[in-house]
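Below is one structure, written out as structure tokens; comments come after it.
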Amino acid sequence: MQYRFFHIVTAGFVTCLIVSNIIAVKAISVGPFFLPVAVIIFPLSYLFGDILTEVYGYSRARQVIWIGFAFNALSVAAIWLSIAIPPAPFWTLGFGSPEKAQEAYAALFGFTPRLLAASLLAYLVGEFLNASVLAKIKVAMKGRHLWVRTIASTLLGQLADSAVFISLAFYGVIPTSVLGNMILTQWLAKSLYEALLTPVTYWAVGFLKRAEGEDVYDYETNFNPFAAK
């Protein structure tokens, strides 16, 4: 079946992932809390994920999650390669020398293997949990109360994402009590963000269901993330 807007939703989902991965190196203060600046866009990937599952079904969402994973990995590989290639002799970026500019570039865009592995695994766990929970609640509630499944799936998906990433990335580096605080802060911030966007989700889902003539219910879906179909 040909869809008119599926590729646009897919592009939005992948863009949110790649951009959040690039800008996550910067930390910001929100009152007494500290968050990665990626919080401004990463929760939107869950909004797009909710829309994909709600309109097109879990199988389509699963395809897009793996597409996002593949192109996120491609972007990381491209960034690593750009760091490894020696700079031109005139490339200083105002740092006085190519060597200093290269150090600044590597510090800004470089990923440690541990952080990268934590980020990619957390993404897969969180997104697949979000999609499967939303699809199952939709069937159980016979399509009623969209807000219940979008918020419930986000709460579980974002909790898994935050817990996996922060635990794998920082365990043994910072105190365990601080780890718990970081997980709680990121989970609540991301979940609140998407909850506030519930009216946008309602509008987008309604528009797409009418435009695509589609509203999938996953009655007999295989929820295995690695299933081929």
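Each chain in the structure tokens gets a letter, A, B and so on, in the order shown; residues start at 1 in every chain, and ligands are counted from 1 in the order they appear.
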Excluding same-chain residues fewer than 2 positions from Pro87 of chain A, what lies within 8 Å of it counting only C-alpha atoms, as a compact mmCIF listing (two decimals) with N, CA and C atoms, in the first residue's frame?
# COMPACT_ATOMS: atom_id res chain seq x y z
N ILE A 85 40.50 12.36 9.82
CA ILE A 85 41.17 12.97 8.66
C ILE A 85 41.90 14.23 9.10
N PRO A 89 46.01 22.99 6.35
CA PRO A 89 46.93 23.88 7.10
C PRO A 89 46.35 25.25 7.41
N TRP A 91 43.10 25.73 8.21
CA TRP A 91 41.85 25.55 8.96
C TRP A 91 42.13 25.76 10.45
N PRO A 98 45.84 24.82 13.20
CA PRO A 98 45.01 23.66 12.84
C PRO A 98 44.97 22.62 13.96
N GLN A 102 41.63 21.30 15.60
CA GLN A 102 41.33 19.87 15.55
C GLN A 102 40.98 19.33 16.94
Skip Asp215 of chain A itself and residues of its chain fewer than 3 positions away, then list as a list in words all residues within 10 Å of it, counting only C-alpha atoms.
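In the requested form, the answer reads Thr53, Glu54, Val55, Tyr56, Gly57, Gly143, Val205, Gly206, Leu208, Lys209, Arg210, Glu212 and Asp218 of chain A.
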Please tabulate, as JSON lines, the residues of segment 57-105 of chain A that come within 12 Å of segment 8-11 of chain A, each with its closest pair of atoms and the distance in Å to one decimal, counting only C-alpha atoms and ordering rows by chain, then residue number upward.
{"residue": "A:Arg60", "atom": "CA", "partner": "A:Thr10", "partner_atom": "CA", "distance": 9.8}
{"residue": "A:Ala61", "atom": "CA", "partner": "A:Thr10", "partner_atom": "CA", "distance": 8.9}
{"residue": "A:Arg62", "atom": "CA", "partner": "A:Thr10", "partner_atom": "CA", "distance": 11.2}
{"residue": "A:Gln63", "atom": "CA", "partner": "A:Thr10", "partner_atom": "CA", "distance": 9.6}
{"residue": "A:Val64", "atom": "CA", "partner": "A:Thr10", "partner_atom": "CA", "distance": 6.3}
{"residue": "A:Ile65", "atom": "CA", "partner": "A:Thr10", "partner_atom": "CA", "distance": 9.0}
{"residue": "A:Trp66", "atom": "CA", "partner": "A:Thr10", "partner_atom": "CA", "distance": 11.0}
{"residue": "A:Ile67", "atom": "CA", "partner": "A:Thr10", "partner_atom": "CA", "distance": 8.6}
{"residue": "A:Gly68", "atom": "CA", "partner": "A:Thr10", "partner_atom": "CA", "distance": 8.4}
{"residue": "A:Phe71", "atom": "CA", "partner": "A:Ala11", "partner_atom": "CA", "distance": 10.8}
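Of the residues listed (A:Met141, A:Val14, A:Ala135, A:Leu129), A:Leu129 shows the shortest atom-to-atom separation from Leu156 of chain A; distances use only C-alpha atoms.
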Residues near Asn224 of chain A, cut-off 10 Å, only C-alpha atoms, skip fewer than 5 positions along chain, as JSON, numbers by chain
{"A": [59, 62, 128, 132, 229]}
Written selection (C-alpha atoms) as a PDB file, in the first residue's frame:
ATOM      1  CA  SER A  59       5.418  -3.527  12.039  1.00  0.00           C
ATOM      2  CA  ARG A  62       9.668  -1.445  13.823  1.00  0.00           C
ATOM      3  CA  PHE A 128      10.678  -0.783  20.980  1.00  0.00           C
ATOM      4  CA  SER A 132       4.848  -2.314  21.666  1.00  0.00           C
ATOM      5  CA  LYS A 229       7.985  -8.979   8.786  1.00  0.00           C
TER       6      LYS A 229
END
Please report, as a count of residues only, each residue of segment 69-218 of chain A to which DSSP assigns alpha helix (DSSP H) when run on this structure's backbone.
117
Would you please work out which residue, of A:Asn181, A:Ser191, A:Thr221, A:Ser45, is nearest to Glu127 of chain A when using only C-alpha atoms?
A:Ser45
Pick from A:Lys136, A:Gln186, A:Thr92, A:Leu81 nearest to Glu220 of chain A, counting only C-alpha atoms
A:Lys136
May I have the residues within 8 Å of Pro43 of chain A as JSON, numbers by chain, using only C-alpha atoms and disregarding those fewer than 2 positions away in the same chain?
{"A": [39, 40, 41, 45, 46, 47, 190, 191, 193, 194]}
Mind dumping the selected residues with N, CA and C atoms as a compact mmCIF listing (two decimals), in the first residue's frame?
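The file below, part.txt, is the result:
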# COMPACT_ATOMS: atom_id res chain seq x y z
N VAL A 39 17.55 17.33 25.16
CA VAL A 39 16.19 17.22 25.68
C VAL A 39 15.23 18.12 24.90
N ILE A 40 15.76 19.09 24.16
CA ILE A 40 14.89 19.99 23.39
C ILE A 40 14.30 19.30 22.16
N ILE A 41 14.92 18.20 21.71
CA ILE A 41 14.43 17.55 20.50
C ILE A 41 14.25 16.05 20.62
N SER A 45 11.21 12.35 19.11
CA SER A 45 11.31 11.04 18.45
C SER A 45 10.24 10.10 19.00
N TYR A 46 9.90 10.25 20.28
CA TYR A 46 8.83 9.43 20.85
C TYR A 46 7.47 9.87 20.33
N LEU A 47 7.31 11.16 20.10
CA LEU A 47 6.06 11.64 19.51
C LEU A 47 5.89 11.05 18.11
N LYS A 190 11.62 14.46 30.06
CA LYS A 190 11.24 13.99 28.72
C LYS A 190 9.76 13.61 28.67
N SER A 191 9.28 12.95 29.72
CA SER A 191 7.88 12.52 29.73
C SER A 191 6.94 13.72 29.80
N TYR A 193 7.57 16.71 28.74
CA TYR A 193 7.67 17.37 27.43
C TYR A 193 6.64 16.76 26.47
N GLU A 194 6.65 15.43 26.33
CA GLU A 194 5.73 14.82 25.38
C GLU A 194 4.29 14.90 25.83
Which is closer to Phe109 of chain A than all the others in A:Ala77, A:Leu17, A:Val173, A:Leu196, using only C-alpha atoms?
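That would be A:Ala77, the residue with the smallest distance to Phe109 of chain A.
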Tell me which of A:Ser119, A:Ser29, A:Asn21, A:Ser75 sits closest to Phe170 of chain A, counting only C-alpha atoms.
A:Ser119
In Å, how far is it from atom CA of Ile23 of chain A to atom CA of Ala38 of chain A?
5.8 Å
Taking only C-alpha atoms into account, which of A:Trp147, A:Tyr219, A:Phe42, A:Trp187 comes nearest Tyr202 of chain A?
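Among the listed residues, the smallest separation from Tyr202 of chain A belongs to A:Trp147.
Of all the residues in segment 24-59 of chain A, the ones DSSP labels as strand (DSSP E) from the backbone are A:Ala27, A:Ile28, A:Ser29, A:Val30, A:Phe33, A:Phe34, A:Leu35, A:Pro36.
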